[in-house]
file target-v9.tsv (TSV, C-alpha atoms)
chain	number	residue	atom	x	y	z
M	202	MET	CA	107.53	141.55	100.03
M	203	TYR	CA	105.47	138.43	99.53
M	204	TYR	CA	102.14	136.87	100.38
M	205	VAL	CA	102.05	133.19	101.24
M	206	ALA	CA	99.26	130.83	102.23
M	207	GLN	CA	98.76	129.77	105.82
M	208	VAL	CA	96.41	127.04	107.05
M	209	ILE	CA	94.21	127.75	110.09
M	210	ARG	CA	94.62	124.50	111.99
M	211	ASP	CA	91.46	124.63	114.11
M	212	GLU	CA	89.23	125.26	111.10
M	213	CYS	CA	91.00	122.79	108.80
M	214	SER	CA	90.98	119.85	111.22
M	215	LYS	CA	87.16	119.92	111.32
M	216	TYR	CA	87.12	118.45	107.82
M	217	ASN	CA	89.00	115.67	106.09
M	218	CYS	CA	88.83	117.03	102.57
M	219	LYS	CA	92.43	117.54	101.21
M	220	GLN	CA	91.00	119.42	98.22
M	221	CYS	CA	93.46	122.32	98.51
M	222	THR	CA	96.41	119.91	98.26
M	223	LEU	CA	95.05	118.65	94.93
M	224	PHE	CA	94.41	122.05	93.36
M	225	CYS	CA	97.65	123.79	94.40
M	226	PRO	CA	99.75	124.30	91.23
M	227	GLU	CA	103.06	123.93	93.04
M	228	PRO	CA	104.40	120.43	93.72
M	229	ASN	CA	104.85	119.36	97.37
M	230	THR	CA	103.78	122.77	98.65
M	231	LEU	CA	100.42	122.13	100.26
M	232	MET	CA	100.61	118.78	102.02
M	233	TYR	CA	98.41	116.91	104.48
M	234	LYS	CA	99.24	115.58	107.94
M	235	ASP	CA	97.26	112.60	109.18
M	236	GLU	CA	98.19	113.27	112.80
M	237	GLY	CA	96.11	116.34	113.60
M	238	HIS	CA	94.09	116.04	110.36
M	239	HIS	CA	95.10	119.30	108.76
M	240	ALA	CA	96.89	120.60	105.70
M	241	PHE	CA	100.09	122.63	105.97
M	242	VAL	CA	102.02	124.91	103.63
M	243	ASN	CA	105.69	124.70	102.74
M	244	THR	CA	106.02	128.48	102.67
M	245	LEU	CA	109.44	128.45	100.99
M	246	ARG	CA	107.81	126.96	97.90
M	247	CYS	CA	104.54	128.92	97.95
M	248	LYS	CA	104.29	131.42	95.07
M	249	GLY	CA	101.26	133.15	96.58
M	250	CYS	CA	98.70	132.52	93.82
M	251	ALA	CA	95.86	132.11	96.36
M	252	LEU	CA	94.21	129.33	94.36
M	253	CYS	CA	93.93	127.33	97.61
M	254	VAL	CA	91.97	130.21	99.16
M	255	TYR	CA	89.60	130.16	96.17
M	256	VAL	CA	89.08	126.40	96.58
M	257	CYS	CA	88.71	126.51	100.38
M	258	SER	CA	86.64	129.68	100.78
M	259	ASP	CA	84.75	130.22	97.52
M	260	LEU	CA	84.05	126.67	96.40
M	261	LEU	CA	83.89	124.74	99.68
M	262	LYS	CA	82.92	127.59	102.08
M	263	ARG	CA	85.31	126.27	104.71
M	264	ASP	CA	87.52	129.37	105.18
M	265	SER	CA	90.50	127.41	106.52
M	266	ILE	CA	93.31	129.08	104.50
M	267	GLU	CA	94.37	132.72	104.52
M	268	MET	CA	97.07	134.71	102.75
M	269	VAL	CA	99.59	136.31	105.10
M	270	TYR	CA	102.24	138.94	104.45
M	271	ALA	CA	105.77	137.59	104.78
M	272	GLU	CA	108.94	139.65	104.44
M	273	ASN	CA	111.15	136.68	103.58
M	274	ARG	CA	108.48	133.97	103.45
M	275	ASP	CA	109.58	133.13	107.00
M	276	VAL	CA	106.16	132.24	108.38
M	277	ALA	CA	104.92	128.88	109.55
M	278	GLY	CA	102.59	127.10	107.16
M	279	VAL	CA	100.01	126.48	109.90
M	280	ARG	CA	98.70	128.60	112.74
G	231	MET	CA	115.62	102.23	83.09
G	232	SER	CA	114.40	100.86	86.37
G	233	VAL	CA	113.77	102.06	89.88
G	234	LYS	CA	117.44	101.25	90.62
G	235	ILE	CA	118.69	104.33	88.82
G	236	PHE	CA	117.00	106.48	91.44
G	237	LYS	CA	118.89	104.76	94.27
G	238	ILE	CA	121.60	106.93	95.83
G	239	ASN	CA	125.04	105.58	96.64
G	240	GLU	CA	125.12	105.23	100.45
G	241	ASP	CA	128.55	106.90	100.70
G	242	LEU	CA	127.32	109.99	98.86
G	243	LYS	CA	123.95	110.29	100.59
G	244	GLU	CA	125.11	112.94	103.07
G	245	PHE	CA	125.99	115.32	100.23
G	246	MET	CA	122.67	114.94	98.44
G	247	PRO	CA	119.94	117.59	98.64
G	248	GLN	CA	116.88	116.58	100.65
G	249	GLU	CA	114.67	116.61	97.54
G	250	ILE	CA	116.76	113.88	95.85
G	251	ILE	CA	116.70	111.73	99.00
G	252	ASP	CA	112.91	112.22	99.23
G	253	LEU	CA	112.63	111.10	95.61
G	254	GLU	CA	114.15	107.75	96.56
G	255	GLU	CA	112.31	107.31	99.85
G	256	LYS	CA	108.91	108.99	99.53
G	257	ALA	CA	108.04	108.94	95.81
G	258	THR	CA	105.52	106.38	94.56
G	259	TRP	CA	107.51	104.10	92.29
G	260	GLY	CA	106.60	100.62	91.16
G	261	ASN	CA	102.90	100.77	92.03
G	262	PRO	CA	100.48	100.82	89.07
G	263	LYS	CA	97.66	101.87	91.41
G	264	ARG	CA	99.31	105.22	92.12
G	265	GLY	CA	97.12	108.23	91.46
G	266	VAL	CA	96.25	111.78	92.39
G	267	MET	CA	95.28	110.76	95.92
G	268	ASP	CA	99.01	110.26	96.62
G	269	LEU	CA	99.55	114.00	96.12
G	270	PRO	CA	98.77	115.09	99.72
G	271	TYR	CA	101.42	112.74	101.14
G	272	ALA	CA	104.02	111.51	98.66
G	273	LYS	CA	107.01	113.18	97.06
G	274	GLU	CA	106.06	114.17	93.53
G	275	LEU	CA	108.09	113.46	90.41
G	276	ILE	CA	108.04	117.16	89.56
G	277	GLU	CA	110.12	119.67	91.49
G	278	GLU	CA	109.76	123.42	91.97
G	279	HIS	CA	109.26	124.80	88.47
G	280	SER	CA	109.42	128.13	86.68
G	281	LEU	CA	105.80	128.43	85.52
G	282	CYS	CA	103.76	131.44	86.68
G	283	ALA	CA	101.97	131.45	90.03
G	284	GLY	CA	98.60	129.78	89.63
G	285	CYS	CA	99.28	128.38	86.14
G	286	PRO	CA	96.74	125.64	85.29
G	287	GLU	CA	99.38	123.89	83.18
G	288	SER	CA	101.42	123.12	86.30
G	289	VAL	CA	98.35	121.51	87.88
G	290	ALA	CA	98.00	119.39	84.75
G	291	PHE	CA	101.63	118.30	85.12
G	292	ARG	CA	101.06	117.31	88.75
G	293	TYR	CA	98.04	115.17	87.86
G	294	ILE	CA	99.64	113.52	84.83
G	295	LEU	CA	102.89	112.66	86.62
G	296	ALA	CA	100.97	111.33	89.61
G	297	SER	CA	98.80	109.15	87.33
G	298	LEU	CA	101.43	107.49	85.09
G	299	PRO	CA	101.02	103.79	85.86
G	300	ASN	CA	104.64	102.92	85.19
G	301	PRO	CA	106.77	106.06	85.70
G	302	GLU	CA	110.13	104.29	85.95
G	303	ASP	CA	109.63	102.86	82.45
G	304	THR	CA	108.07	105.91	80.85
G	305	VAL	CA	109.76	108.23	78.38
G	306	ILE	CA	108.18	111.64	77.88
G	307	VAL	CA	108.72	113.50	74.62
G	308	ASN	CA	107.96	117.21	74.87
G	309	SER	CA	108.06	120.18	72.58
G	310	THR	CA	108.93	123.86	72.70
G	311	GLY	CA	106.60	126.03	74.71
G	312	CYS	CA	105.77	126.81	78.32
G	313	SER	CA	105.53	123.08	79.01
G	314	SER	CA	109.16	122.54	77.97
G	315	LEU	CA	110.27	124.85	80.81
G	316	VAL	CA	109.09	122.22	83.28
G	317	PHE	CA	110.91	119.20	81.88
G	318	PRO	CA	114.31	119.94	83.47
G	319	HIS	CA	112.50	119.66	86.83
G	320	ILE	CA	110.98	116.23	86.20
G	321	ALA	CA	112.50	113.01	87.55
G	322	LEU	CA	111.78	110.97	84.41
G	323	HIS	CA	113.45	110.42	81.07
G	324	THR	CA	112.44	113.28	78.82
G	325	VAL	CA	113.38	114.13	75.24
G	326	HIS	CA	113.13	117.59	73.72
G	327	PRO	CA	113.10	117.31	69.91
G	328	LEU	CA	112.59	120.07	67.35
G	329	PHE	CA	109.45	122.18	67.45
G	330	GLY	CA	106.64	120.11	65.97
G	331	ASN	CA	108.28	116.73	65.33
G	332	GLN	CA	107.56	115.33	68.80
G	333	ASN	CA	105.28	112.54	67.57
G	334	SER	CA	107.82	111.39	64.97
G	335	VAL	CA	110.57	111.22	67.57
G	336	ALA	CA	108.23	109.41	69.97
G	337	SER	CA	107.39	106.85	67.25
G	338	GLY	CA	111.08	106.09	66.79
G	339	ILE	CA	111.70	105.81	70.53
G	340	LYS	CA	108.73	103.46	70.96
G	341	ARG	CA	109.87	101.21	68.10
G	342	VAL	CA	113.44	101.00	69.41
G	343	LEU	CA	112.26	100.27	72.95
G	344	GLU	CA	109.99	97.49	71.68
G	345	TRP	CA	112.90	95.96	69.79
G	346	ARG	CA	115.47	96.39	72.57
G	347	PHE	CA	113.26	95.35	75.51
G	348	PRO	CA	110.74	92.87	74.02
G	349	ASP	CA	109.89	91.42	77.45
G	350	LYS	CA	109.23	94.74	79.20
G	351	VAL	CA	106.46	97.32	79.09
G	352	LYS	CA	107.72	100.76	78.08
G	353	ASP	CA	105.37	103.69	77.72
G	354	VAL	CA	106.08	106.66	75.48
G	355	VAL	CA	104.03	109.78	76.20
G	356	VAL	CA	104.06	112.98	74.15
G	357	ILE	CA	103.27	116.18	76.03
G	358	ALA	CA	103.12	119.29	73.87
G	359	GLY	CA	101.25	122.56	73.59
G	360	ASP	CA	98.56	123.42	71.08
G	361	GLY	CA	101.05	125.22	68.82
G	362	ALA	CA	103.28	122.16	68.57
G	363	THR	CA	100.42	119.67	68.18
G	364	ILE	CA	97.85	121.50	66.08
G	365	ASP	CA	99.79	124.11	64.06
G	366	ILE	CA	103.46	123.42	63.60
G	367	GLY	CA	103.46	119.65	64.16
G	368	LEU	CA	100.07	118.75	62.73
G	369	ASP	CA	101.54	116.60	59.94
G	370	CYS	CA	103.83	114.65	62.29
G	371	THR	CA	101.01	114.22	64.82
G	372	LEU	CA	98.42	112.97	62.33
G	373	GLN	CA	100.92	110.76	60.46
G	374	SER	CA	101.81	109.01	63.72
G	375	PHE	CA	98.08	108.31	64.22
G	376	PHE	CA	97.75	106.99	60.65
G	377	ARG	CA	100.76	104.70	61.22
G	378	GLN	CA	99.08	103.34	64.36
G	379	GLU	CA	102.09	104.03	66.56
G	380	LYS	CA	101.53	102.84	70.11
G	381	ILE	CA	102.05	106.19	71.81
G	382	THR	CA	99.93	108.50	73.97
G	383	THR	CA	99.69	112.12	72.84
G	384	ILE	CA	98.63	114.75	75.36
G	385	CYS	CA	97.94	118.28	74.09
G	386	PHE	CA	97.94	121.19	76.52
G	387	ASP	CA	95.55	123.56	74.80
G	388	ASN	CA	95.75	127.15	76.05
G	389	GLU	CA	94.23	128.45	72.80
G	390	VAL	CA	97.07	130.94	72.11
G	391	TYR	CA	100.84	131.19	71.54
G	392	ALA	CA	101.27	132.40	75.09
G	393	ASN	CA	104.99	132.57	75.69
G	394	THR	CA	105.75	134.56	72.53
G	395	GLY	CA	103.35	137.33	73.45
G	396	GLY	CA	99.88	136.19	72.41
G	397	GLN	CA	99.51	135.37	68.69
G	398	ASP	CA	96.42	133.40	67.70
G	399	SER	CA	96.92	129.69	67.07
G	400	GLY	CA	94.91	127.04	65.29
G	401	ALA	CA	93.22	126.24	68.58
G	402	THR	CA	92.00	129.80	69.19
G	403	PRO	CA	88.20	130.05	68.89
G	404	ARG	CA	86.71	132.40	66.31
G	405	GLY	CA	86.62	136.04	67.34
G	406	MET	CA	88.94	135.77	70.36
G	407	GLU	CA	91.36	138.71	70.70
G	408	PHE	CA	94.88	138.63	72.04
G	409	LYS	CA	97.69	141.17	72.37
G	410	MET	CA	99.30	140.22	69.05
G	411	ALA	CA	95.98	139.41	67.36
G	412	PRO	CA	93.93	142.54	68.01
G	413	GLY	CA	91.49	141.99	65.15
G	414	GLY	CA	90.25	138.73	66.58
G	415	LYS	CA	90.64	135.30	65.04
G	416	GLN	CA	88.88	135.04	61.68
G	417	TRP	CA	88.45	131.26	61.48
G	418	ASP	CA	87.08	128.49	63.65
G	419	LYS	CA	88.99	126.49	66.25
G	420	VAL	CA	90.57	123.32	64.84
G	421	PRO	CA	88.61	120.36	66.31
G	422	MET	CA	91.73	118.34	67.03
G	423	TRP	CA	89.88	115.63	68.99
G	424	GLN	CA	87.73	114.96	65.90
G	425	LEU	CA	90.80	114.86	63.63
G	426	ALA	CA	92.34	112.34	66.04
G	427	ILE	CA	89.28	110.11	65.80
G	428	ASP	CA	89.23	110.33	62.00
G	429	SER	CA	92.96	109.57	61.81
G	430	GLY	CA	92.65	106.31	63.69
G	431	CYS	CA	93.17	107.04	67.39
G	432	HIS	CA	91.67	104.33	69.56
G	433	TYR	CA	90.99	106.46	72.61
G	434	VAL	CA	90.30	110.20	72.50
G	435	ALA	CA	89.31	112.47	75.37
G	436	ARG	CA	88.69	116.20	75.66
G	437	LEU	CA	88.46	117.86	79.07
G	438	SER	CA	89.81	120.64	81.24
G	439	VAL	CA	92.04	120.02	84.24
G	440	SER	CA	89.41	121.16	86.75
G	441	SER	CA	88.85	117.63	88.06
G	442	PRO	CA	91.91	115.69	89.30
G	443	LYS	CA	90.16	112.31	89.40
G	444	LYS	CA	88.89	112.65	85.84
G	445	VAL	CA	92.36	113.55	84.54
G	446	GLU	CA	93.81	110.52	86.34
G	447	GLN	CA	91.24	108.18	84.82
G	448	VAL	CA	91.71	109.55	81.32
G	449	VAL	CA	95.53	109.40	81.47
G	450	LYS	CA	95.51	105.83	82.74
G	451	LYS	CA	92.99	104.67	80.14
G	452	ALA	CA	94.97	106.34	77.34
G	453	ILE	CA	98.24	104.74	78.42
G	454	TYR	CA	96.78	101.24	78.83
G	455	VAL	CA	95.09	101.44	75.42
G	456	ALA	CA	98.26	102.76	73.78
G	457	ARG	CA	100.26	99.84	75.20
G	458	GLU	CA	98.12	97.19	73.53
G	459	VAL	CA	96.03	98.67	70.73
G	460	GLY	CA	97.30	101.85	69.12
G	461	PRO	CA	97.56	105.63	69.31
G	462	THR	CA	95.58	107.60	71.89
G	463	TYR	CA	94.97	111.32	72.21
G	464	ILE	CA	94.05	113.57	75.15
G	465	HIS	CA	93.06	117.21	74.64
G	466	LEU	CA	93.44	119.14	77.91
G	467	TYR	CA	92.32	122.73	78.44
G	468	THR	CA	95.02	124.58	80.39
G	469	PRO	CA	94.22	128.30	79.99
G	470	CYS	CA	96.97	130.91	80.07
G	471	ILE	CA	95.76	133.22	82.83
G	472	LEU	CA	98.21	135.97	81.82
G	473	GLU	CA	97.09	136.16	78.20
G	474	ILE	CA	93.39	135.98	79.03
G	475	GLY	CA	93.93	138.67	81.66
G	476	LEU	CA	92.93	136.85	84.82
G	477	ASN	CA	94.39	136.93	88.32
G	478	ALA	CA	96.59	134.12	89.64
G	479	ASP	CA	93.72	132.55	91.59
G	480	GLN	CA	91.21	132.54	88.69
G	481	GLY	CA	92.59	129.68	86.59
G	482	LEU	CA	90.31	127.10	88.17
G	483	TRP	CA	87.29	129.41	87.84
G	484	GLU	CA	88.02	129.85	84.12
G	485	MET	CA	88.27	126.10	83.57
G	486	ARG	CA	85.02	125.49	85.45
G	487	GLN	CA	83.27	127.98	83.15
G	488	ARG	CA	84.60	126.29	79.99
G	489	ASP	CA	83.62	122.85	81.34
G	490	LYS	CA	80.04	123.80	80.55
G	491	GLU	CA	80.67	124.82	76.92
G	492	ARG	CA	83.54	124.15	74.53
G	493	PHE	CA	85.52	121.87	76.85
G	494	LYS	CA	82.61	119.73	77.97
G	495	PHE	CA	83.90	116.27	78.85
G	496	PHE	CA	84.03	114.13	75.72
G	497	GLU	CA	85.35	110.60	75.40
G	498	TYR	CA	85.61	108.28	72.42
G	499	MET	CA	86.89	104.72	72.29
G	500	THR	CA	86.94	101.96	69.74
G	501	ASP	CA	85.75	98.42	70.52
G	502	GLU	CA	89.32	97.15	70.99
G	503	ALA	CA	90.02	100.01	73.40
G	504	LYS	CA	86.81	99.29	75.28
G	505	GLU	CA	87.85	95.69	75.76
G	506	VAL	CA	91.24	96.76	77.21
G	507	ILE	CA	89.59	99.28	79.54
G	508	GLU	CA	87.03	96.75	80.78
G	509	ARG	CA	89.81	94.24	81.44
G	510	LYS	CA	91.89	96.80	83.37
G	511	LYS	CA	88.83	97.77	85.40
G	512	LYS	CA	88.36	94.11	86.36
G	513	GLU	CA	92.02	93.96	87.41
G	514	GLY	CA	91.42	96.97	89.65
G	515	LEU	CA	93.89	99.20	87.82
G	516	LEU	CA	91.36	101.82	86.71
call {"tool": "encode", "arguments": {"input": "target-v9.tsv", "output": "structure tokens"}}
result
Amino acid sequence: MYYVAQVIRDECSKYNCKQCTLFCPEPNTLMYKDEGHHAFVNTLRCKGCALCVYVCSDLLKRDSIEMVYAENRDVAGVR
Amino acid sequence: MSVKIFKINEDLKEFMPQEIIDLEEKATWGNPKRGVMDLPYAKELIEEHSLCAGCPESVAFRYILASLPNPEDTVIVNSTGCSSLVFPHIALHTVHPLFGNQNSVASGIKRVLEWRFPDKVKDVVVIAGDGATIDIGLDCTLQSFFRQEKITTICFDNEVYANTGGQDSGATPRGMEFKMAPGGKQWDKVPMWQLAIDSGCHYVARLSVSSPKKVEQVVKKAIYVAREVGPTYIHLYTPCILEIGLNADQGLWEMRQRDKERFKFFEYMTDEAKEVIERKKKEGLL
């Protein structure tokens, strides 16, 4: 039982902000890809604090990250 | 101590975990212009750690380790507390002395390094919690400022003894209640930044870790001033979300609230420090 962050690629690639990667408390968990211009989550490292969702949705109003339920954290970091 | 010690023997490379190989290939070594904007791409010098989900202290660690201008020649001295749980996961030289004597140990390390490597720049950084800096180690901390040791002291202030259950510390503001201090603190918060100024620190800053760029600037300034002039002190607000009773995603919100009141950005520098900072700005390092 675990919730991990997942980036919505179509929403994220509209912006070039990278703010979520700076505010994530876990090292090398939320990273940015220059090809495609979107962030992605290393779900094996994500602890599910949802701070990235606070930054993306509440502060920046961009709604590009969501928390998804993962049995064994076996979800892709982008959808 | 040089970048060479992070090089992996080619014959053993196939047995190494991917994280160690990344550390050699993708980490930002040997570039004094490194900063928080490397975080989205580069391998960080901190690995998966055991701090709570959403802990603001771990964000502080990410920013500080990304901002060190000379990580391969930096020694970090830490002290007991939540922060000491992270040091086994850091790819730098770290020293864990007794609770409270971190600035004394750092003074000794800095003096020996200056004597042993007179032609090289070696930075010594102290990272300790508010209990170690302001309560238990206050004498060692202030004495190192009085002696004008060339070290940088960074205090992670969460305003409580968090990992022993929530006793009030010297840094707790008046009236604040915690699990093991139900009556509320009876005295005022120790203004450690002011004590640092009075004790002879050449660069003092007080801020929360809600702004990555600001933390980077402050850490770089403090280290450059400590190299040439004398002691520097940074007071960082890293709230304990568990002890305050917040959710995992509310750490940043809490820091943004305190930015407006008791952790409003404050910076002090002496004339010598100002001269160093102006020079480094001209060189493009700040």
call {"tool": "atom_distance", "arguments": {"input": "target-v9.tsv", "atom1": "atom CA of G:Gln378", "atom2": "atom CA of G:Thr462"}}
result
9.3 Å
call {"tool": "atom_distance", "arguments": {"input": "target-v9.tsv", "atom1": "atom CA of G:Phe375", "atom2": "atom CA of G:Val355"}}
result
13.5 Å
call {"tool": "interface_residues", "arguments": {"input": "target-v9.tsv", "of": "chain G", "to": "chain M", "cutoff": "12 Å", "atoms": "all atoms listed in the file", "output": "ChimeraX atom specification"}}
result
/G:249,252-253,256-257,265-293,295-296,316,319-320,439-443,445-446,468,471,476-484,486
call {"tool": "residues_around", "arguments": {"input": "target-v9.tsv", "residues": "M:Tyr204", "least_positions_apart": "3", "cutoff": "8 Å", "atoms": "only C-alpha atoms", "output": "VMD selection string"}}
result
chain M and resid 248 to 249 268 to 271 274
call {"tool": "write_last_selection", "arguments": {"input": "target-v9.tsv", "atoms": "C-alpha atoms", "output": "compact mmCIF listing (two decimals), keeping the file's coordinate frame"}}
result
# COMPACT_ATOMS: atom_id res chain seq x y z
CA LYS M 248 104.29 131.42 95.07
CA GLY M 249 101.26 133.15 96.58
CA MET M 268 97.07 134.71 102.75
CA VAL M 269 99.59 136.31 105.10
CA TYR M 270 102.24 138.94 104.45
CA ALA M 271 105.77 137.59 104.78
CA ARG M 274 108.48 133.97 103.45
call {"tool": "atom_distance", "arguments": {"input": "target-v9.tsv", "atom1": "atom CA of G:Gly395", "atom2": "atom CA of G:Thr382"}}
result
29.0 Å
call {"tool": "closest_residue", "arguments": {"input": "target-v9.tsv", "among": "G:Val455, G:Ala435, G:Met246, G:Gly430", "to": "G:Arg509", "atoms": "all atoms listed in the file"}}
result
G:Val455
call {"tool": "closest_residue", "arguments": {"input": "target-v9.tsv", "among": "G:Cys312, G:Met406, G:Ala321, G:Pro262", "to": "G:Ile250", "atoms": "all atoms listed in the file"}}
result
G:Ala321
call {"tool": "residues_around", "arguments": {"input": "target-v9.tsv", "residues": "M:Val208", "least_positions_apart": "6", "cutoff": "9 Å", "atoms": "all atoms listed in the file", "output": "PyMOL selection string"}}
result
chain M and resi 239-242+265-268+278-280
call {"tool": "residues_around", "arguments": {"input": "target-v9.tsv", "residues": "M:His238", "least_positions_apart": "4", "cutoff": "9 Å", "atoms": "all atoms listed in the file", "output": "mmCIF file with C-alpha atoms, in the frame of the given file"}}
result
data_model
loop_
_atom_site.group_PDB
_atom_site.id
_atom_site.type_symbol
_atom_site.label_atom_id
_atom_site.label_comp_id
_atom_site.auth_asym_id
_atom_site.auth_seq_id
_atom_site.Cartn_x
_atom_site.Cartn_y
_atom_site.Cartn_z
ATOM 1 C CA ARG M 210 94.620 124.500 111.990
ATOM 2 C CA CYS M 213 91.000 122.790 108.800
ATOM 3 C CA SER M 214 90.980 119.850 111.220
ATOM 4 C CA LYS M 215 87.160 119.920 111.320
ATOM 5 C CA TYR M 216 87.120 118.450 107.820
ATOM 6 C CA ASN M 217 89.000 115.670 106.090
ATOM 7 C CA TYR M 233 98.410 116.910 104.480
ATOM 8 C CA LYS M 234 99.240 115.580 107.940
#
call {"tool": "residues_around", "arguments": {"input": "target-v9.tsv", "residues": "G:Leu515", "least_positions_apart": "2", "cutoff": "8 Å", "atoms": "only C-alpha atoms", "output": "compact mmCIF listing (two decimals) with C-alpha atoms, keeping the file's coordinate frame"}}
result
# COMPACT_ATOMS: atom_id res chain seq x y z
CA PRO G 262 100.48 100.82 89.07
CA LYS G 263 97.66 101.87 91.41
CA LYS G 510 91.89 96.80 83.37
CA LYS G 511 88.83 97.77 85.40
CA LYS G 512 88.36 94.11 86.36
CA GLU G 513 92.02 93.96 87.41
call {"tool": "residues_around", "arguments": {"input": "target-v9.tsv", "residues": "stretch 448-452 of chain G", "least_positions_apart": "6", "cutoff": "8 Å", "atoms": "only C-alpha atoms", "output": "MDAnalysis selection string"}}
result
chainID G and resid 294 297:299 382 433:435 462:464 507 516
